[in-house]
Every structure is written in structure tokens, then in C-alpha cells.
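Take a look at the structure below.
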Amino acid sequence: MTRVPGAPGGLHQIFFELSTDLLCISGADGYFRELNPAWERVLGYTVEELKSRPYYDFMHPDDRATTLQMIQDASISPEVKGDLENRYLTKDGRVRHLLWKGRVYDGPEGKAFVGFAQDITERKLAQDELRAQKEFLSAIVDNLPVGLFCKDAAAGFSYTLWNRMNEQITGVPRGSAIGKSDADLFPSEQVDFFHEKDLETLRAGRVVDIAEETIQSHSLGTRILHTRKVPIRDENGTPKFLLGISEDITERKRIEKQVWRAYQRQKIHLQQTLLGVVEFDLDGRISQWNPAAERIFGYSRKEAIGMHWSALRPAGPTSEELALSWTGILSAKGGTRATDENVTREGRSIFCEWYHTALVDSEGRTVAVASHVLDVTEQRRLKKNQERLLSVIAASSDLIWMADPDLKSIYLNPALVRFRGIAEESDGASRGTDVMAAYPDPARRLMSETAFRAAIETGSWLGETEILDAAGRETPVSQLLIAHRSPESGEIEYFAAVIRDLTEARRREQLIEEQRLKIVATSKMSALGEMAGSVAHEINNPLAIISGRASQLRTLAQTDRLDKDLIGTAAEKILDTAHRIARIIRGLRSFSRDGSRDPFAAVAVQTIVEETLEFCRSKFQNHGIRFDLEFTSPLDASVECRSVQISQVLLNLLNNAYDAVCELPDPWIRLQVEDRGEGLRLSVTDCGPGVSPELRDRIFQPFFTTKESGKGTGLGLSISQRILADHSGRIEVDANSPNTCFVVSLPKRQTPLAEGRLQT
Amino acid sequence: LKKSFNGAPLLIVDDERDLVEILAFEFEHRGAHVFQAFNGREAVEILKREPVKLVLSDIRMPGGDGTGLLRAAKQDNPGRPEILFMTGFADIEPADAYELGAAALFLKPYELRAMMDRCLKLLEPLEERWARPAEAPPARVKLAKGFKRFETGPFPAGEGFRLGRGGFFLALPCGALQSGDVYQDDVAEFDLHFESGELGAIKGRGTILWERERDHELASGVGIEFCSLDDECREAVIRLSRQLSTAAYVPKA
């Protein structure tokens, strides 16, 4: 047991032994002399163990030098200045922090150090932890992505906290801010606002959220902050500090604004676009439907949303087929373009061009289908029409080119390509070539001097030129040249020409002309033949009668049955019939002459009429045509004329009437002769319906005929007109008659002038 | 005249009453029983009542012409009565007249004897009419042709051959008949062979009724009326001609 020196044995001993602090006396030899039991508890060694070795053995090796130094110092000056703190190691190697107070004491056993140590290990650890925590906190505060500040409410709202983010936002370094108030840092209107909010926070006693406030940053200009202000109270509940948390939302606001604008723009697009914008969910149900889609399909947005896309398809494909095409859309990489037949709400079939895009989320999963749709029904129709037109042009046997205003070809149709001998496969190569190369020089001149000018002025030019064929031969063509102007600008957009090879047409024209001449000749022949036929008929019948009578007489003579009466009757018949033949021959003789050089002579009208009728009366009779002759002029009225010609005119009119009515039921023809004083009016009327106004002039043209081919020459009326002009007369159609009526007006006397003129 | 009409009923039609009267006199004189008509309509009425075997008719007449009469007469039986035309002028092409079914065409003024011979011949049964005559004038034209096949039908025919009630049409290449010569009414000897079909050959003599160079779309050729047929083919041809459903005496093509 260690005895405490200089103290009454019992009481000191008790203090010494009960003290929780460490008490010791150590000698100059470096060994503990006395130790209280607290040492054993703190270091785990027994007192004997501690005394057995130099005390610095138990010290932390790092602290040995400083401790010895201090003890030495203490031995020089008895007053220990300040506290000594060092570390001891426990028996199991742990560190204990000790805080020393001590003094050097000169005792009976020499100089000794009396020490008094407190085990401050726990405190020390707590302090370290606190410091670490503080550092950790301030690191957090400094590294928070928000501005953090604190104002002292009691000290004029001066700043007591100002983290790094706040420095960034405001551009004010911490050093310049701490201890300052807003008025020192920011423009006054902002300061007023901040202050007002500070007061509001304190008044309310709870967090105040300021969604937007403007602050003039020293480095970044005007910034927008989202700030929350928190009152911090003291132990009495009085608000003491004001904690502020600010977030710089300037960027976010800008992006938000941009996004909003973009959204608005997109919305306007969606509303205004002609493109139907439709979204489908994965099952193919409509989830988005813009006004254009409403217009295209007739379903309102309300009706369309939730509708399945198959409702837009015409009936027909099975559900599997539909499902298949839907799967195709969903699985397609990129977009799917399709032209589909669709059906509107009214059941109208339309054609739509679709562009489907599968919408994928960030993981690449398809979540919906966005589709653009355009009604192309009309376009398709136009395109079809255009294709049809183009195929017509391509199939045309006419040669067609189109060229730009510089006459560089844009299109040559196959007929032209063949005609010019351009190899079919080099069709592309013929584009952009000079279309004028196809024309020989004279045609080029004509076109450049006349045709193009006219086409540019009036839109088109039609004329005849030549064009060079594959072998370079000039071929006559008719050419329609077209100058097309742009409807917008009025500028010439292109020239086009439709060219027709006239070689064949010319050949045909020539052929037609030859044939026409042949026909004229034949029809003259046929007119002659007709005349001969009717004459033959008129004569052969009487001849048959004469020979028949003669044969009858012979038979009677052979059988001895002749008697006076029989012979008389037969002879009478033979004579009559012979006279009949003579009459016909006379008429024929006078008629067969040309008569155009006959002198004008006064002839009884009746004679002319009777002689003319000799040629057609029996024809009318044979065909059951009723013929009426009405004479209202005196029978002996005479007319100065070339009687053969007038007879020709009459016969022509009567023959025309015959041809017109012979096939009609109950036919009739009427010839009226009227004395009109100065002249005669001869009219031939038949039961036909009259001459249509369109034909009234044309029927007097040479070669015009309505009769079937080979029957008429088309010359009768024109010759009649010429004959009457020679007689100062007229031939015309009586438009007032309900029937077909031709009227011949003939002066009774020719004026000397007319006669003179005619005879030259 | 040795032969007589033996009371055969005939009809004479013409609008020239004198002519009808004269012809009636002559035919009655040869033993015919003559009905008279002065236009087509009257003639049709008589045909309805009387068992007329032969009609001699003008073509152009007021009140029903000859062709109308022919059509009406042949409506029920293409074989009877035989119709013969007489005309003042070419009112009808001969080929058309025979095609329609006329068995003869006489031009006025006619030769009475020829007309009568013809009428008598047409009144004979075909077996006699087409029997081989004891002596025949020499033929100027010889027509021989081989055919692949003889087809029966409305017109029994071969390629370029057609049979009618009284003769046949034979197509001949253009210029086969020497141009310049007129063969009409000439006698031709024909010898037509068919490789297959109902008829093996048609052999005999005939009269050339008309000849035709190419006319529009019609082939050139000749219309021939049978005068006589060889024994081997006669019966067959008679049988075929009686089966004909058309009136054509000699087909036009």
C-alpha cells in the first residue's frame, strides 16, 4: 500500500484510494513511486506492474519526448504552465487520453513529481466526433445544390450563413455576405420584396414558399429563384433566425417556356394541319384524333377516341388479315408507309396515304403508334386521269413533243420516237435535245417567223410544215403548236406540238379526188343509162305488143280463123302502138340535145310540159304514184326560152320528186303551171316533208346529193340553177309549203341585155 | 308445135293489158289454162285460189311489182309455182332474179317460141327435164373442178360451189373466162368432184345464165342452169334440190 506523504495517514489515504482521477508521484529516476487504484482501472495494469518499469514505457511513444520535456521544464520552474495532455497505452494496447496537473515537489526522498490526471478519453472522442460532424454538415451545406443562407432576425437580418451555392447564385462571396444585410448587396426593390417575405415568414411562424423571386446576381445577371424561408426559434419560441433555401430556376423557367411554346406550336400544328394525326394504342384503338382526321373520316374526336382502327377499313379483310397488318405496323423499324382504302363515317370509300410510326419508350418497348394520314382520293383520281391522258398520248399515232421554252425536249411520244428513228432505249437521251432538229430549214423558218409567234400570242398555231423522218426525208405534216403559259405567272412554261403525218392523208385525198372524178363520170353514165332504161322500157312494151299482135295474126292465119273484125282490131292496135313509139322517139330526140347553144325561142308552155311528161308519166304510173297536172295559165301561153333546157329542169325536178316519194306510202307528185303576167311559175310538189333549212342552200351545190350512192349525180339542181340564171329566172325551195316544193320562176320575155349577155 | 300444155294452169301478169291478152291467146291456143292479172296484187289473189303451176310476170307494174309477187308466191313452197319474168328493160340483174327464185328472165320484145319451150320444159318433172338428151349441141365451155367436201345445209355447197333448185353457182378465178367473149346463154359441160360428203360428183351440161367478174365482195364466177345431168348423179341432185329450203333457182354466190 502506498502511503501518501505529508498527509494524515487515514483521511488522505481514503481520498487517495477513492479518487476516480489518476494520482501519482514519480521520482527523478523515471519510475512511479506512488499510484492510486484508479490507474489499475484505467490502464488495466496492476500498481506493481506500473511501478516495475519506467513510466514512459506506458506512454504513447509519440508523446514520450514532449512529456519528459515538460517534466524537465517543471523541475526548473515549479509552476507548471498550462495543462499537459498525453496518451497512455492500456495493457491491451488501447490509447487513453490523460489531462495532467502536477507540480515538482522536493520531498524527503529527493525531488518528485506529483501528478493528477483526468481520463479524458471519452470527452476527447466526443469532441472529435462533434468536430467531424460539424465539418460533415458544413460540407453538406456547402455542397448542397441549393443556395442556403441564414439571417439573424435580431441583428437587422444580417447573414450568418452563406453556402457555396448561394455564392454562385448571387455572385457574392461568403466573406462579403456574412454580417451584411440585403440592403448592402441587392437593388432596393428586390430588398423590399425579400424583407417583406422575411417578415411574413417570422409572422407566420412556418415555412413560406416563394415560387418565384427575382434577384440581381452580381455575376450572372437577373436570376429567378424558388425560395423557401424557414423561421428558427429560440428556446422561448421566439423566431430568432431565418433560414433560406433558394433554388435557381432561371434555366428551368427558360426551358419550361420553350417547352410551353413548343407545345403550343405543336398544338396549333395539330389543330391546323391538313394532315390527319392519329394515335393508336397497342390494340389498335384510337387515342388521339385531330381536326384534320375529323374532316377526312367524318368522325368527331369524341366518336373516334376508343374506336378500333379496323372501323376505318372497308369490309372484306378477315380479322386475321387485319391483325397481321397491325402486327406489321407495330414491328416495323422506322415508319410504315401505306396507301389504304378507307371508309368514312358516311360509308364513302376513300383512299388514304398513311405513315405509321411505332412510339417506343426509353427501354425500346413499343407503347403506341402515331400515324399521319392524308386523303389522296382526289389526287389518285387526278393521277389516274393523268395516267390515262398520258397513255392516250403515248398510244397516239400523232407525233407529239413537249419542250421547255428553250425548245429543249421534255417529252417525245413513242410515235415520234419511232418516226425519228430514235432508239427506244435511249428515250432518256432524247430529252433535252433541240426539238427543232427534227425540222428541215424551210419549216424551221416558218415556225420561228410565224408559228411560235402566233402560238405565243394566241396560245396555239395550226398549219402545215415538213418534218424529217428517220432517214432524213421531208415528210409533209399538219402541226398544232401549243404554247402553254403558267396560270400563275403567265410565263411560257412549255411548248407542245401535235404533228400528223399527211403523206397518207395526201395520198388519200388524191385517191378521193380521183374517185370523185370517176364517180362524176360514172354518174353521168348512169344518168344516161337511167334515161336509156326508161326509154327502152317505154319502147319495148309497145314493141312487144306489136310483135304479139303480128304473131296473133299469123296464128289466126295458120288456123284459118281470120275475120275482118279481128284483123281490123289488130291493125288498129299495131298502128296506135307504133304512134306511141314515134312520140317517144320525138321527145327523146329533142331532149337528147344539149340545147345550151339553142337560140331563145317562144314556145308554148304546154308543149314543153307535155314533152317532158312523156319521159316520166309511165314511170309514175308503173310505181303507183298519183300525178296531178294543174294548168292555171292559158294553154297557149308562150315563153321565150331554150325549151330543151327548161324541159331538162322540169324533168330533173320530177325525177327528184319520184326518187323522194317512190318508197313512201300513197305517193303523189303535182306539177302546177301558173301565169303570173310577166312570168311563169312552175312548181313541182311531192308528198315529202320538205327540205330542212340546213339543206336548203346546200342542195344547190354541185355534187351534193341525199340520194343513195350511184343513184344521183348531185348535179341536177346546180345545173338547173345555172340554166335559170341564163334565163334571168330563179329556182328555189318554197319554205312555206308543208310538202317538198321546188318553184321555178321564168320571165316570159328575155330582155335584150340578158339575151345579149347570154349569147356572148 | 308438137308439144302442148295439156291444160296446165298458167298465170300471165302485166299492166299492159294488150300484152296479157295476146299471150293468153297464144298459150290457150297451145292448150294451157290461162289466168290473167294486171298487177302483182291481183296475181297473188289468183295464186291463193288456183293451182297455178307457172307464172309469167312483168316486173315493173303499178299496184304490186313482179319481185313482190315472186316473194309472196314462194313463201309456202319454194318449188311451186315456177315464176318467169319478162321485162322491158334491166329492172333487175339476172343474177338477182335467179337468186330470188325466178326460173327464167325474158326481155321484151320476147321471142314467143323460146318462151313457150322454156315454159314447157319447166313444167316437166325433174327426172325428165334433166335426163340426158339424145343429141346435144357441142359445149363451148368445159368446167372441171375438184372439191374437198360436199356440205349439205340451206345451200348444199363446196368451196366456191353452191347448189340451187335449178342449177348452181361456181366460183371461178378472175379472168378464167376469156374476157371480151360473152358466154351468156352458152352451153357448158361441167364435171365437179367431191372427195367426201353426200355427193361424189355433179356431171352434165348446163346453160350459162350469167357470168360475173369480181363485184364488190362477191367472188367472180358463173351461174349455170342444169340442162341435163349424167345418170350417175341425177337422182342424187334431184333429191338434194327438192330438199332445198330456199327458193334460189341459181344462187348468186
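Following the order of the C-alpha cells, first chain is A, next is B, and so on, with residues numbered from 1 inside each chain and ligands from 1 in the order they appear.
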Using only C-alpha atoms, find the residues of chain A whose closest atom to chain B is at most 7 Å away, then write them as a list in words.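 Listed by rising number, the hits are Gly533, Ala536, His537, Asn540, Asn541, Leu543, Ala544, Ile545, Gly548, Arg549, Gln552, Gln621, Asn622, His623 and Gly624 of chain A.
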Using DSSP on the backbone coordinates, identify the residues of segment 9-178 of chain A assigned to strand (DSSP E); present them as a PyMOL selection string. chain A and resi 22-27+32-35+84-89+95-107+110-119+147-152+158-162
Near-Ile546 of chain A list (8 Å; only C-alpha atoms; drop same-chain fewer than 3 positions) as a list in words: Pro542, Leu543, Arg549, Ala550, Lys573, Ile574, Thr577 and Ala578 of chain A
Write a file of the selected residues as a compact mmCIF listing (two decimals), in the first residue's frame, keeping N, CA and C atoms.
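As a result, out.txt now contains:
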```txt
# COMPACT_ATOMS: atom_id res chain seq x y z
N PRO A 542 -94.37 -1.35 -176.13
CA PRO A 542 -95.14 -1.28 -177.38
C PRO A 542 -94.64 -2.25 -178.44
N LEU A 543 -93.30 -2.44 -178.46
CA LEU A 543 -92.77 -3.38 -179.46
C LEU A 543 -93.31 -4.78 -179.21
N ARG A 549 -99.18 -8.84 -181.57
CA ARG A 549 -100.34 -8.77 -182.49
C ARG A 549 -100.02 -9.46 -183.80
N ALA A 550 -98.81 -9.21 -184.26
CA ALA A 550 -98.41 -9.83 -185.53
C ALA A 550 -98.43 -11.34 -185.42
N LYS A 573 -104.53 -1.66 -183.26
CA LYS A 573 -103.64 -1.73 -182.11
C LYS A 573 -102.17 -1.52 -182.54
N ILE A 574 -101.84 -2.15 -183.64
CA ILE A 574 -100.46 -2.04 -184.14
C ILE A 574 -100.15 -0.59 -184.49
N THR A 577 -99.89 1.62 -181.39
CA THR A 577 -98.66 1.35 -180.66
C THR A 577 -97.47 1.93 -181.40
N ALA A 578 -97.48 1.87 -182.68
CA ALA A 578 -96.38 2.44 -183.46
C ALA A 578 -96.33 3.95 -183.27
```
Nearby residues (only C-alpha atoms) at most 12 Å from Gly66 of chain B, same-chain spacing under 3 positions excluded, as a PyMOL selection string: (chain A and resi 622-623) or (chain B and resi 12-15+37-44+55-63+69-73+83-87+91-92+97+100-102+105)
Determine, counting only C-alpha atoms, which protein, DNA and RNA residues have an atom within 7 Å of an atom of Phe150 of chain B; residues of the same chain fewer than 2 positions away are not included. Present the result as a list in words. Thr152, Ala157, Gly158, Phe194, Ser196, Gly197, Glu198 and Leu199 of chain B
With only C-alpha atoms as the basis for distance, which of A:Gln168, A:Gln266, A:Ser181, A:Gln558 is at the shortest distance from Ala155 of chain A?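 Distance minimum relative to Ala155 of chain A lands on A:Ser181.
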From the DSSP assignment of the backbone, select every residue of segment 450-632 of chain A that is helix (DSSP H, G or I), and format the answer as a VMD selection string. chain A and resid 450 to 458 502 to 558 564 to 592 605 to 613 617 to 622
Shell of 7 Å around segment 597-604 of chain A, only C-alpha atoms, local chain residues under 4 positions omitted, as a PyMOL selection string: chain A and resi 608+636-643
Could you name the residues that touch segment 231-245 of chain B at 9 Å or less, counting only C-alpha atoms, but leaving out those on the same chain fewer than 4 positions away, as a list in words?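 Returned residues: Asn77, Pro78, Gly79, Leu126, Glu127, Trp130, Ala131, Arg132, Thr152, Gly153, Pro154, Phe155, Pro156, Leu163, Gly164, Arg165, Gly166, Gly167, Glu198, Leu199, Gly200, Ala201, Ile202, Lys203 and Gly204 of chain B.
Between atom CA of Gly347 of chain A and atom CA of Ser310 of chain A lies a distance of 13.4 Å.
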